[in-house]
$ cat structure.csv   # CSV, C-alpha atoms
chain,number,residue,atom,x,y,z
A,25,MET,CA,31.2,-16.3,24.1
A,26,GLU,CA,27.6,-15.9,22.9
A,27,ALA,CA,27.8,-12.1,23.2
A,28,GLN,CA,31.2,-12.1,21.4
A,29,SER,CA,29.8,-14.2,18.5
A,30,SER,CA,26.8,-11.9,18.2
A,31,SER,CA,29.1,-8.9,18.0
A,32,GLU,CA,31.3,-10.6,15.3
A,33,LEU,CA,28.2,-11.4,13.4
A,34,LEU,CA,26.9,-7.8,13.3
A,35,LEU,CA,30.4,-6.5,12.4
A,36,SER,CA,30.7,-9.0,9.6
A,37,ARG,CA,27.3,-7.9,8.3
A,38,LYS,CA,28.4,-4.3,8.3
A,39,ARG,CA,31.7,-5.1,6.5
A,40,ARG,CA,29.8,-7.1,3.9
A,41,ARG,CA,27.4,-4.2,3.3
A,42,GLU,CA,30.3,-1.7,3.0
A,43,GLY,CA,32.6,-4.0,0.9
A,44,SER,CA,30.2,-5.5,-1.5
A,45,ASN,CA,27.4,-2.9,-1.8
A,46,GLY,CA,24.9,-5.2,-0.1
A,47,GLU,CA,25.7,-8.2,-2.4
A,48,THR,CA,26.4,-11.5,-0.7
A,49,ASP,CA,29.5,-13.2,-1.9
A,50,GLU,CA,29.2,-16.5,-3.7
A,51,GLY,CA,29.2,-19.4,-1.2
A,52,GLU,CA,28.4,-17.1,1.7
A,53,ARG,CA,25.2,-17.7,3.6
A,54,LEU,CA,23.5,-15.4,6.1
A,55,VAL,CA,23.5,-16.8,9.7
A,56,LYS,CA,20.2,-16.8,11.5
A,57,ILE,CA,20.1,-15.5,15.1
A,58,PRO,CA,18.2,-17.5,17.7
A,59,ARG,CA,15.2,-15.9,19.2
A,60,CYS,CA,15.6,-14.7,22.8
A,61,THR,CA,14.1,-12.2,25.2
A,62,VAL,CA,16.7,-10.2,27.0
A,63,GLY,CA,14.3,-8.8,29.5
A,64,LEU,CA,15.8,-5.4,30.1
A,65,ARG,CA,13.3,-3.3,31.9
A,66,HIS,CA,15.2,-0.5,33.5
A,67,PRO,CA,18.0,1.9,32.4
A,68,ALA,CA,21.5,1.5,33.6
A,69,PRO,CA,22.2,2.9,37.1
A,70,PHE,CA,24.5,5.8,37.9
A,71,ALA,CA,27.7,4.9,39.6
A,72,ASP,CA,27.3,7.3,42.4
A,73,GLU,CA,23.9,5.8,43.3
A,74,LEU,CA,25.2,2.2,43.7
A,75,GLU,CA,26.2,0.6,46.9
A,76,PRO,CA,30.0,0.7,47.6
A,77,ALA,CA,32.1,-2.2,46.4
A,78,ASP,CA,33.2,-5.0,48.8
A,79,ASP,CA,36.3,-4.6,51.0
A,80,LYS,CA,38.4,-6.8,48.8
A,81,PRO,CA,41.5,-5.1,47.4
A,82,TYR,CA,41.4,-4.0,43.8
A,83,VAL,CA,43.4,-6.4,41.7
A,84,ARG,CA,43.3,-6.1,38.0
A,85,VAL,CA,42.9,-9.1,35.7
A,86,SER,CA,45.3,-9.6,32.8
A,87,MET,CA,44.3,-9.7,29.2
A,88,GLU,CA,44.8,-13.5,29.0
A,89,GLU,CA,42.7,-14.1,32.1
A,90,ALA,CA,40.0,-11.9,30.7
A,91,LYS,CA,39.9,-13.6,27.4
A,92,ARG,CA,39.8,-17.1,29.0
A,93,GLY,CA,36.8,-16.0,31.1
A,94,THR,CA,36.4,-15.0,34.7
A,95,PRO,CA,34.1,-16.3,37.4
A,96,PRO,CA,30.5,-15.0,37.4
A,97,ASP,CA,31.1,-13.0,40.5
A,98,ARG,CA,34.2,-11.4,39.1
A,99,PRO,CA,33.3,-9.8,35.7
A,100,VAL,CA,35.9,-7.9,33.7
A,101,ARG,CA,35.2,-4.2,34.3
A,102,VAL,CA,35.6,-2.3,31.1
A,103,TYR,CA,35.4,1.5,30.9
A,104,ALA,CA,34.4,3.5,27.9
A,105,ASP,CA,34.0,7.3,27.9
A,106,GLY,CA,32.8,9.9,25.5
A,107,ILE,CA,30.6,12.9,24.9
A,108,PHE,CA,27.7,11.0,23.3
A,109,ASP,CA,26.1,14.1,21.9
A,110,VAL,CA,23.1,13.3,19.6
A,111,PHE,CA,23.4,9.6,20.5
A,112,HIS,CA,23.4,7.6,17.3
A,113,SER,CA,24.2,4.1,16.0
A,114,GLY,CA,27.9,4.8,15.9
A,115,HIS,CA,27.9,5.3,19.7
A,116,ALA,CA,25.8,2.2,20.2
A,117,ARG,CA,28.2,0.1,18.1
A,118,ALA,CA,31.2,1.3,20.0
A,119,LEU,CA,29.6,0.3,23.3
A,120,MET,CA,28.5,-3.0,21.9
A,121,GLN,CA,32.1,-3.8,20.9
A,122,ALA,CA,33.3,-2.8,24.4
A,123,LYS,CA,30.6,-5.0,26.0
A,124,CYS,CA,31.6,-8.0,23.8
A,125,LEU,CA,35.4,-7.7,24.4
A,126,PHE,CA,35.4,-10.6,26.9
A,127,PRO,CA,33.0,-13.4,27.8
A,128,ASN,CA,32.1,-11.9,31.2
A,129,THR,CA,32.1,-8.1,30.9
A,130,HIS,CA,30.7,-5.3,33.1
A,131,LEU,CA,30.6,-2.2,31.0
A,132,ILE,CA,31.0,1.2,32.7
A,133,VAL,CA,30.4,4.3,30.6
A,134,GLY,CA,31.7,7.7,31.5
A,135,VAL,CA,30.0,10.8,30.1
A,136,CYS,CA,31.7,14.2,30.4
A,137,SER,CA,29.8,17.2,31.7
A,138,ASP,CA,28.9,20.3,29.7
A,139,ASP,CA,31.6,22.4,31.3
A,140,LEU,CA,34.4,20.0,30.3
A,141,THR,CA,32.9,19.4,26.8
A,142,HIS,CA,32.5,23.1,26.0
A,143,LYS,CA,36.0,23.8,27.2
A,144,TYR,CA,37.9,21.1,25.3
A,145,LYS,CA,35.6,20.1,22.4
A,146,GLY,CA,32.9,22.7,21.7
A,147,PHE,CA,29.3,23.4,22.1
A,148,THR,CA,26.9,20.4,22.2
A,149,VAL,CA,23.4,20.0,20.9
A,150,MET,CA,22.1,18.1,23.9
A,151,ASN,CA,22.9,19.1,27.5
A,152,GLU,CA,24.5,16.8,30.0
A,153,ASP,CA,21.3,15.5,31.5
A,154,GLU,CA,20.0,14.6,28.1
A,155,ARG,CA,23.2,12.9,27.2
A,156,TYR,CA,23.2,10.9,30.5
A,157,ASP,CA,19.7,9.8,29.9
A,158,ALA,CA,20.4,8.7,26.3
A,159,VAL,CA,23.4,6.5,27.3
A,160,THR,CA,21.6,4.9,30.3
A,161,HIS,CA,19.0,3.5,27.9
A,162,CYS,CA,21.5,1.8,25.7
A,163,ARG,CA,21.2,-2.0,26.2
A,164,TYR,CA,24.9,-2.6,26.5
A,165,VAL,CA,25.5,-0.3,29.4
A,166,ASP,CA,25.7,-1.7,33.0
A,167,GLU,CA,26.8,1.4,34.8
A,168,LEU,CA,27.2,5.1,34.0
A,169,VAL,CA,29.6,7.6,35.5
A,170,ARG,CA,28.4,11.2,35.4
A,171,ASN,CA,30.8,14.1,35.1
A,172,ALA,CA,33.6,11.8,33.9
A,173,PRO,CA,37.1,13.2,33.8
A,174,TRP,CA,38.7,14.3,30.5
A,175,THR,CA,41.9,12.5,31.3
A,176,LEU,CA,41.9,9.3,33.3
A,177,THR,CA,43.9,9.2,36.5
A,178,PRO,CA,45.1,6.2,38.6
A,179,GLU,CA,42.8,7.3,41.4
A,180,PHE,CA,39.8,7.3,39.1
A,181,LEU,CA,40.7,3.8,37.7
A,182,ALA,CA,41.2,2.4,41.2
A,183,LYS,CA,38.0,4.0,42.5
A,184,HIS,CA,35.8,2.3,39.9
A,185,ARG,CA,38.0,-0.9,39.9
A,186,ILE,CA,38.5,-0.6,36.1
A,187,ASP,CA,40.4,-3.4,34.4
A,188,PHE,CA,40.5,-2.1,30.8
A,189,VAL,CA,39.6,1.1,28.9
A,190,ALA,CA,37.9,0.7,25.5
A,191,HIS,CA,38.2,3.3,22.7
A,192,ASP,CA,39.2,3.4,19.1
A,193,ASP,CA,43.0,3.2,18.7
A,194,ILE,CA,43.2,6.5,16.7
A,195,PRO,CA,45.3,9.0,18.8
A,196,TYR,CA,42.9,11.4,20.5
A,197,SER,CA,44.7,14.7,20.8
A,198,SER,CA,43.2,17.1,23.4
A,199,ALA,CA,43.9,19.1,26.5
A,200,GLY,CA,47.5,19.7,25.4
A,201,SER,CA,48.3,16.1,24.8
A,202,ASP,CA,48.9,14.2,21.6
A,203,ASP,CA,46.9,11.2,22.9
A,204,VAL,CA,45.0,11.3,26.1
A,205,TYR,CA,45.0,7.5,26.2
A,206,GLN,CA,48.8,7.2,25.8
A,207,HIS,CA,49.4,6.3,29.4
A,208,ILE,CA,46.6,3.7,29.4
A,209,LYS,CA,48.2,2.1,26.4
A,210,GLU,CA,51.6,2.0,28.1
A,211,ALA,CA,50.0,0.4,31.1
A,212,GLY,CA,48.5,-2.4,29.0
A,213,MET,CA,45.0,-1.5,29.9
A,214,PHE,CA,43.8,-0.3,26.5
A,215,ALA,CA,41.3,-2.4,24.5
A,216,PRO,CA,40.8,-1.0,21.0
A,217,THR,CA,37.5,-0.9,19.2
A,218,GLN,CA,36.5,0.2,15.7
A,219,ARG,CA,34.8,3.3,14.6
A,220,THR,CA,31.7,3.1,12.5
A,221,GLU,CA,32.4,4.9,9.2
A,222,GLY,CA,29.8,7.3,7.8
A,223,ILE,CA,28.1,8.2,11.0
A,224,SER,CA,29.1,10.7,13.7
A,225,THR,CA,27.8,13.6,15.6
A,226,SER,CA,29.7,16.0,13.4
A,227,ASP,CA,28.3,14.4,10.3
A,228,ILE,CA,24.7,14.8,11.6
A,229,ILE,CA,25.3,18.5,12.5
A,230,THR,CA,26.8,19.0,9.0
A,231,ARG,CA,23.7,17.7,7.4
A,232,ILE,CA,21.5,20.0,9.4
A,233,VAL,CA,23.7,23.0,8.7
A,234,ARG,CA,23.9,22.1,5.0
A,235,ASP,CA,20.1,21.9,4.7
A,236,TYR,CA,19.4,24.7,7.2
A,237,ASP,CA,16.6,26.3,5.1
A,238,VAL,CA,14.8,22.9,4.7
A,239,TYR,CA,14.8,22.2,8.4
A,240,VAL,CA,13.7,25.8,9.3
A,241,ARG,CA,10.8,25.5,6.9
A,242,ARG,CA,10.0,22.1,8.3
A,243,ASN,CA,9.8,23.3,11.9
A,244,LEU,CA,7.8,26.4,10.9
A,245,GLN,CA,5.3,24.1,9.4
A,246,ARG,CA,5.2,22.0,12.5
A,247,GLY,CA,4.2,25.0,14.6
A,248,TYR,CA,7.5,26.4,15.9
A,249,THR,CA,7.7,30.2,16.0
A,250,ALA,CA,10.3,32.3,14.3
A,251,LYS,CA,11.6,33.4,17.7
A,252,GLU,CA,12.1,29.9,18.8
A,253,LEU,CA,14.1,29.2,15.7
A,254,ASN,CA,16.0,32.4,15.9
A,255,VAL,CA,14.7,33.5,12.4
A,256,SER,CA,14.1,37.1,11.5
A,257,PHE,CA,10.7,38.4,10.3
A,258,ILE,CA,11.9,38.8,6.7
A,259,ASN,CA,13.3,35.3,6.6
A,260,GLU,CA,10.1,33.9,8.1
A,261,LYS,CA,8.1,35.5,5.3
A,262,LYS,CA,10.6,34.2,2.8
A,263,TYR,CA,10.3,30.7,4.1
A,264,ASN,CA,6.5,30.8,4.2
A,265,LEU,CA,6.5,32.1,0.6
A,266,GLN,CA,8.9,29.3,-0.5
A,267,GLU,CA,6.6,26.8,1.2
A,268,ARG,CA,3.6,28.1,-0.7
A,269,VAL,CA,5.6,27.9,-4.0
A,270,ASP,CA,6.6,24.4,-3.2
A,271,LYS,CA,3.0,23.4,-2.5
A,272,VAL,CA,2.0,24.8,-5.8
A,273,LYS,CA,4.8,22.9,-7.5
A,274,ARG,CA,3.7,19.7,-5.7
A,275,LYS,CA,0.2,20.2,-6.9
A,276,VAL,CA,1.3,20.9,-10.4
A,277,ARG,CA,3.5,17.7,-10.2
A,278,ASP,CA,0.5,15.7,-8.9
A,279,VAL,CA,-1.7,17.1,-11.7
A,280,GLU,CA,0.9,16.1,-14.3
A,281,GLU,CA,1.3,12.6,-12.9
A,282,LYS,CA,-2.5,12.2,-12.8
A,283,SER,CA,-2.8,13.6,-16.4
A,284,LYS,CA,-0.1,11.1,-17.5
A,285,GLU,CA,-2.0,8.3,-15.9
A,286,PHE,CA,-5.2,9.5,-17.5
A,287,VAL,CA,-3.6,9.7,-20.9
A,288,GLN,CA,-2.1,6.3,-20.4
A,289,LYS,CA,-5.5,4.9,-19.5
A,290,VAL,CA,-7.1,6.6,-22.5
A,291,GLU,CA,-4.4,5.2,-24.8
A,292,GLU,CA,-5.0,1.7,-23.4
A,293,LYS,CA,-8.7,2.0,-23.8
A,294,SER,CA,-8.4,3.4,-27.3
A,295,ILE,CA,-6.1,0.5,-28.3
A,296,ASP,CA,-8.7,-1.9,-26.9
A,297,LEU,CA,-11.5,-0.1,-28.8
A,298,ILE,CA,-9.4,-0.2,-32.0
A,299,GLN,CA,-8.8,-3.9,-31.6
A,300,LYS,CA,-12.4,-4.6,-30.9
A,301,TRP,CA,-13.4,-2.4,-33.9
A,302,GLU,CA,-11.0,-4.3,-36.2
A,303,GLU,CA,-12.4,-7.6,-35.0
A,304,LYS,CA,-16.0,-6.4,-35.5
A,305,SER,CA,-15.2,-4.9,-39.0
A,306,ARG,CA,-13.6,-8.2,-40.1
A,307,GLU,CA,-16.6,-10.0,-38.8
A,308,PHE,CA,-18.9,-7.6,-40.7
A,309,ILE,CA,-17.0,-7.9,-43.9
A,310,GLY,CA,-17.0,-11.7,-43.7
A,311,ASN,CA,-20.8,-11.7,-43.2
A,312,PHE,CA,-21.2,-9.2,-46.0
A,313,LEU,CA,-19.2,-11.4,-48.4
A,314,GLN,CA,-21.0,-14.5,-47.2
A,315,MET,CA,-24.3,-12.8,-48.1
A,316,PHE,CA,-23.5,-10.7,-51.2
A,317,GLY,CA,-20.3,-12.2,-52.5
A,318,PRO,CA,-19.8,-14.1,-55.9
A,319,GLU,CA,-20.7,-17.3,-54.2
A,320,GLY,CA,-22.9,-15.7,-51.5
A,321,ALA,CA,-26.2,-16.8,-50.2
A,322,LEU,CA,-28.1,-14.0,-52.1
A,323,LYS,CA,-26.9,-15.4,-55.4
A,324,HIS,CA,-28.0,-18.8,-54.6
A,325,MET,CA,-31.4,-17.4,-53.5
A,326,LEU,CA,-31.8,-15.5,-56.7
A,327,LYS,CA,-30.9,-18.5,-58.8
A,328,GLU,CA,-33.3,-20.7,-56.9
A,329,GLY,CA,-36.1,-18.0,-57.2
A,330,LYS,CA,-35.4,-17.6,-61.0
A,331,GLY,CA,-35.6,-21.4,-61.4
A,332,ARG,CA,-38.9,-21.5,-59.6
A,333,MET,CA,-40.3,-18.6,-61.7
A,334,LEU,CA,-39.3,-20.3,-65.0
A,335,GLN,CA,-40.8,-23.6,-63.8
A,336,ALA,CA,-44.0,-21.8,-62.9
A,337,ILE,CA,-44.5,-19.9,-66.3
A,338,SER,CA,-43.3,-22.7,-68.7
A,339,PRO,CA,-46.0,-25.2,-70.1
A,340,ARG,CA,-45.9,-28.7,-68.8
A,341,HIS,CA,-44.9,-31.4,-71.2
A,342,SER,CA,-47.4,-34.1,-72.0
A,343,PRO,CA,-46.7,-37.4,-70.3
A,344,SER,CA,-45.3,-40.1,-72.6
A,345,SER,CA,-48.2,-42.4,-71.7
A,346,SER,CA,-50.9,-40.0,-72.8
A,347,PRO,CA,-53.6,-41.5,-75.2
A,348,THR,CA,-53.2,-41.2,-78.9
A,349,HIS,CA,-55.5,-39.2,-81.3
A,350,GLU,CA,-57.5,-42.3,-82.2
A,351,GLU,CA,-57.9,-43.3,-78.6
A,352,ARG,CA,-59.0,-40.0,-77.4
A,353,SER,CA,-62.8,-39.6,-76.9
A,354,PRO,CA,-64.5,-37.3,-79.2
A,355,SER,CA,-64.6,-33.7,-78.2
A,356,PRO,CA,-67.9,-32.3,-77.3
A,357,THR,CA,-69.6,-30.4,-80.0
A,358,PHE,CA,-70.8,-26.9,-79.8
A,359,ARG,CA,-72.6,-24.6,-82.2
A,360,LEU,CA,-71.1,-21.5,-83.7
A,361,PRO,CA,-73.4,-19.2,-85.4
A,362,PHE,CA,-72.5,-17.5,-88.8
A,363,PHE,CA,-69.9,-20.1,-89.7
A,364,ASN,CA,-70.0,-22.7,-92.6
A,365,LYS,CA,-69.1,-26.3,-92.1
A,366,THR,CA,-65.8,-25.8,-94.0
A,367,SER,CA,-63.0,-23.6,-92.8
A,368,PRO,CA,-63.8,-19.9,-93.1
A,369,SER,CA,-62.5,-18.2,-96.2
A,370,PRO,CA,-60.9,-14.8,-96.2
A,371,SER,CA,-63.8,-13.4,-98.1
A,372,PRO,CA,-66.8,-12.3,-96.2
A,373,PRO,CA,-69.5,-14.9,-95.8
A,374,PRO,CA,-72.5,-14.8,-98.2
A,375,HIS,CA,-75.6,-13.2,-97.0
A,376,HIS,CA,-78.5,-15.6,-96.4
A,377,SER,CA,-81.9,-14.9,-95.5
A,378,GLY,CA,-81.8,-17.3,-92.6
A,379,THR,CA,-79.3,-18.1,-90.1
A,380,ARG,CA,-78.0,-21.7,-90.0
A,381,SER,CA,-76.2,-23.4,-87.3
A,382,TYR,CA,-73.4,-25.9,-87.9
A,383,LEU,CA,-71.9,-28.6,-85.6
A,384,ILE,CA,-68.2,-28.2,-85.3
A,385,SER,CA,-66.1,-30.7,-83.5
A,386,ASP,CA,-62.5,-31.7,-83.3
A,387,ASP,CA,-63.2,-34.7,-85.5
A,388,ASP,CA,-64.5,-32.5,-88.2
A,389,ASP,CA,-61.4,-30.4,-88.2
A,390,ASP,CA,-59.3,-33.6,-88.6
A,391,GLU,CA,-61.4,-34.7,-91.6
A,392,ASP,CA,-61.0,-31.3,-93.2
A,393,ASP,CA,-57.2,-31.5,-92.8
A,394,GLU,CA,-57.2,-34.9,-94.5
A,395,ASN,CA,-59.2,-33.6,-97.5
$ encode --input "structure.csv" --output "structure tokens"
Amino acid sequence: MEAQSSSELLLSRKRRREGSNGETDEGERLVKIPRCTVGLRHPAPFADELEPADDKPYVRVSMEEAKRGTPPDRPVRVYADGIFDVFHSGHARALMQAKCLFPNTHLIVGVCSDDLTHKYKGFTVMNEDERYDAVTHCRYVDELVRNAPWTLTPEFLAKHRIDFVAHDDIPYSSAGSDDVYQHIKEAGMFAPTQRTEGISTSDIITRIVRDYDVYVRRNLQRGYTAKELNVSFINEKKYNLQERVDKVKRKVRDVEEKSKEFVQKVEEKSIDLIQKWEEKSREFIGNFLQMFGPEGALKHMLKEGKGRMLQAISPRHSPSSSPTHEERSPSPTFRLPFFNKTSPSPSPPPHHSGTRSYLISDDDDDEDDEN
């Protein structure tokens, strides 16, 4: 049951990815898977290398018994066959579905040989040994049958004690039959599985053929020779030239990207410089106006200096408590030669034989003014 629930969980995830483009529906919650260590250490064994089965007669189990669950010593033996060329996730999903068909399943996988495959289906990329090895390393496989038959016979089913055959239910026309599994379906031994859309061996080969030149150039660069790739001398030179041209284009593209990044960085820095310059210019203009504006500091300094200069050159007013004329002490007298006692007249002084000296004081001047 645990393996079946895990398979249903993976399939539901795939359908959700395909149906909703990776979007989770409203109300839907992703289910967490418990941690576990499976402990697989060895690939699946080959059927012809196993010990023979017990002597008990081969008795098939019905679909109802298989779904209910069988005893541990009697697993439901499910057989799935195929070519499994270029083993991919579509193959692994098909085997996972076959393994999870019933609670207790022993999965037997048959892989056809190169002769049968080339005869009925076509040339393969991997040879039969490579295909055998790829399938044995799939975790869902319990046993592998080499050189499996193209059409299943009752003898083959009885030999390997097969209970059910797992395959997608699309009719598989081959070897002159409309459906090689028709007799299995009629016998009630068919257990259908679902194909994984979007992935198949043919799709992978189509991608390689479509991009042939790309992969040839890739392998030439990795050291493969033109002979190994079955490439002519002219095509080899053409691919080498194309690779050089692509290298030049990549370098030009890198230079363009780097130049764009450089220009972008320069633009960012220039914007920062402009912003800083604007801030500094506004600060400079504000300081200039603060110093030289109509109400700037320089005007106040000039006014203050002018006031101090005027105060320095203007005479001081006499204090109101200064002594009056009468109270003032007499001025000291001093002699002036060549002057009369009275105020000098505009006419030149008379000539005298001798020189006389007069005492002139401030008091005398006052008396003269009174007379």
$ atom_distance --input "structure.csv" --atom1 "atom CA of Lys273 of chain A" --atom2 "atom CA of Thr249 of chain A"
24.8 Å
$ closest_residue --input "structure.csv" --among "A:Ala122, A:Ser197, A:Lys271, A:His112" --to "Gly222 of chain A" --atoms "only C-alpha atoms"
A:His112
$ closest_residue --input "structure.csv" --among "A:Glu281, A:Thr177, A:Ile107, A:Phe316" --to "Val204 of chain A" --atoms "all atoms listed in the file"
A:Thr177
$ atom_distance --input "structure.csv" --atom1 "atom CA of Ser294 of chain A" --atom2 "atom CA of Arg306 of chain A"
18.0 Å
$ closest_residue --input "structure.csv" --among "A:Leu74, A:Leu125, A:Leu140, A:Met325" --to "Ser198 of chain A" --atoms "all atoms listed in the file"
A:Leu140
$ residues_around --input "structure.csv" --residues "Arg242 of chain A" --least-positions-apart "6" --cutoff "10 Å" --atoms "all atoms listed in the file" --output "mmCIF file with C-alpha atoms, in the coordinates of the input"
data_model
loop_
_atom_site.group_PDB
_atom_site.id
_atom_site.type_symbol
_atom_site.label_atom_id
_atom_site.label_comp_id
_atom_site.auth_asym_id
_atom_site.auth_seq_id
_atom_site.Cartn_x
_atom_site.Cartn_y
_atom_site.Cartn_z
ATOM 1 C CA TYR A 236 19.400 24.700 7.200
ATOM 2 C CA TYR A 248 7.500 26.400 15.900
ATOM 3 C CA TYR A 263 10.300 30.700 4.100
ATOM 4 C CA GLU A 267 6.600 26.800 1.200
#
$ atom_distance --input "structure.csv" --atom1 "atom CA of Ile223 of chain A" --atom2 "atom CA of Asp192 of chain A"
14.6 Å
$ closest_residue --input "structure.csv" --among "A:Leu326, A:Gly106, A:Gln299, A:Val149" --to "Tyr196 of chain A" --atoms "all atoms listed in the file"
A:Gly106
$ closest_residue --input "structure.csv" --among "A:Glu307, A:Glu319, A:Glu285, A:Asp237" --to "Lys262 of chain A" --atoms "all atoms listed in the file"
A:Asp237
$ closest_residue --input "structure.csv" --among "A:Val100, A:His184, A:Asp166, A:Glu89" --to "Ala77 of chain A" --atoms "all atoms listed in the file"
A:His184
$ residues_around --input "structure.csv" --residues "Gly212 of chain A" --least-positions-apart "2" --cutoff "10 Å" --atoms "all atoms listed in the file" --output "ChimeraX atom specification"
/A:86-87,187-189,207-210,214-215
$ write_last_selection --input "structure.csv" --atoms "C-alpha atoms" --output "mmCIF file, in the coordinates of the input"
data_model
loop_
_atom_site.group_PDB
_atom_site.id
_atom_site.type_symbol
_atom_site.label_atom_id
_atom_site.label_comp_id
_atom_site.auth_asym_id
_atom_site.auth_seq_id
_atom_site.Cartn_x
_atom_site.Cartn_y
_atom_site.Cartn_z
ATOM 1 C CA SER A 86 45.300 -9.600 32.800
ATOM 2 C CA MET A 87 44.300 -9.700 29.200
ATOM 3 C CA ASP A 187 40.400 -3.400 34.400
ATOM 4 C CA PHE A 188 40.500 -2.100 30.800
ATOM 5 C CA VAL A 189 39.600 1.100 28.900
ATOM 6 C CA HIS A 207 49.400 6.300 29.400
ATOM 7 C CA ILE A 208 46.600 3.700 29.400
ATOM 8 C CA LYS A 209 48.200 2.100 26.400
ATOM 9 C CA GLU A 210 51.600 2.000 28.100
ATOM 10 C CA PHE A 214 43.800 -0.300 26.500
ATOM 11 C CA ALA A 215 41.300 -2.400 24.500
#
$ residues_around --input "structure.csv" --residues "segment 172-175 of chain A" --least-positions-apart "6" --cutoff "8 Å" --atoms "all atoms listed in the file" --output "PDB file with C-alpha atoms, keeping the file's coordinate frame"
ATOM      1  CA  ASP A 105      34.000   7.300  27.900  1.00  0.00           C
ATOM      2  CA  GLY A 134      31.700   7.700  31.500  1.00  0.00           C
ATOM      3  CA  VAL A 135      30.000  10.800  30.100  1.00  0.00           C
ATOM      4  CA  CYS A 136      31.700  14.200  30.400  1.00  0.00           C
ATOM      5  CA  SER A 137      29.800  17.200  31.700  1.00  0.00           C
ATOM      6  CA  LEU A 140      34.400  20.000  30.300  1.00  0.00           C
ATOM      7  CA  VAL A 204      45.000  11.300  26.100  1.00  0.00           C
ATOM      8  CA  TYR A 205      45.000   7.500  26.200  1.00  0.00           C
TER       9      TYR A 205
END
$ residues_around --input "structure.csv" --residues "Val240 of chain A" --least-positions-apart "2" --cutoff "12 Å" --atoms "all atoms listed in the file" --output "number ranges by chain"
A: 232-238, 242-256, 259-264, 266-267
$ build_atoms --input "structure.csv" --residues "segment 310-314 of chain A" --atoms "all heavy atoms" --output "short mmCIF file (atom, residue, chain, number, x, y, z; two decimals), in the frame of the given file"
data_model
loop_
_atom_site.label_atom_id
_atom_site.label_comp_id
_atom_site.auth_asym_id
_atom_site.auth_seq_id
_atom_site.Cartn_x
_atom_site.Cartn_y
_atom_site.Cartn_z
N GLY A 310 -16.79 -10.23 -43.37
CA GLY A 310 -17.00 -11.70 -43.70
C GLY A 310 -18.46 -11.99 -43.85
O GLY A 310 -18.82 -12.73 -44.79
N ASN A 311 -19.32 -11.44 -43.00
CA ASN A 311 -20.80 -11.70 -43.20
C ASN A 311 -21.30 -11.08 -44.43
O ASN A 311 -22.15 -11.67 -45.10
CB ASN A 311 -21.51 -11.13 -41.94
CG ASN A 311 -21.17 -11.86 -40.66
OD1 ASN A 311 -20.75 -13.02 -40.69
ND2 ASN A 311 -21.31 -11.18 -39.52
N PHE A 312 -20.80 -9.88 -44.80
CA PHE A 312 -21.20 -9.20 -46.00
C PHE A 312 -20.87 -10.07 -47.26
O PHE A 312 -21.69 -10.28 -48.17
CB PHE A 312 -20.63 -7.84 -46.13
CG PHE A 312 -21.07 -7.06 -47.34
CD1 PHE A 312 -22.26 -6.33 -47.33
CD2 PHE A 312 -20.30 -7.06 -48.49
CE1 PHE A 312 -22.66 -5.63 -48.45
CE2 PHE A 312 -20.70 -6.36 -49.62
CZ PHE A 312 -21.89 -5.65 -49.59
N LEU A 313 -19.61 -10.53 -47.29
CA LEU A 313 -19.20 -11.40 -48.40
C LEU A 313 -19.93 -12.68 -48.45
O LEU A 313 -20.24 -13.20 -49.53
CB LEU A 313 -17.67 -11.61 -48.32
CG LEU A 313 -16.78 -10.38 -48.51
CD1 LEU A 313 -15.33 -10.75 -48.31
CD2 LEU A 313 -16.98 -9.78 -49.91
N GLN A 314 -20.22 -13.21 -47.29
CA GLN A 314 -21.00 -14.50 -47.20
C GLN A 314 -22.38 -14.28 -47.79
O GLN A 314 -22.95 -15.20 -48.36
CB GLN A 314 -21.01 -14.96 -45.80
CG GLN A 314 -21.63 -16.35 -45.65
CD GLN A 314 -21.60 -16.82 -44.22
OE1 GLN A 314 -21.15 -16.08 -43.33
NE2 GLN A 314 -22.06 -18.03 -43.98
#
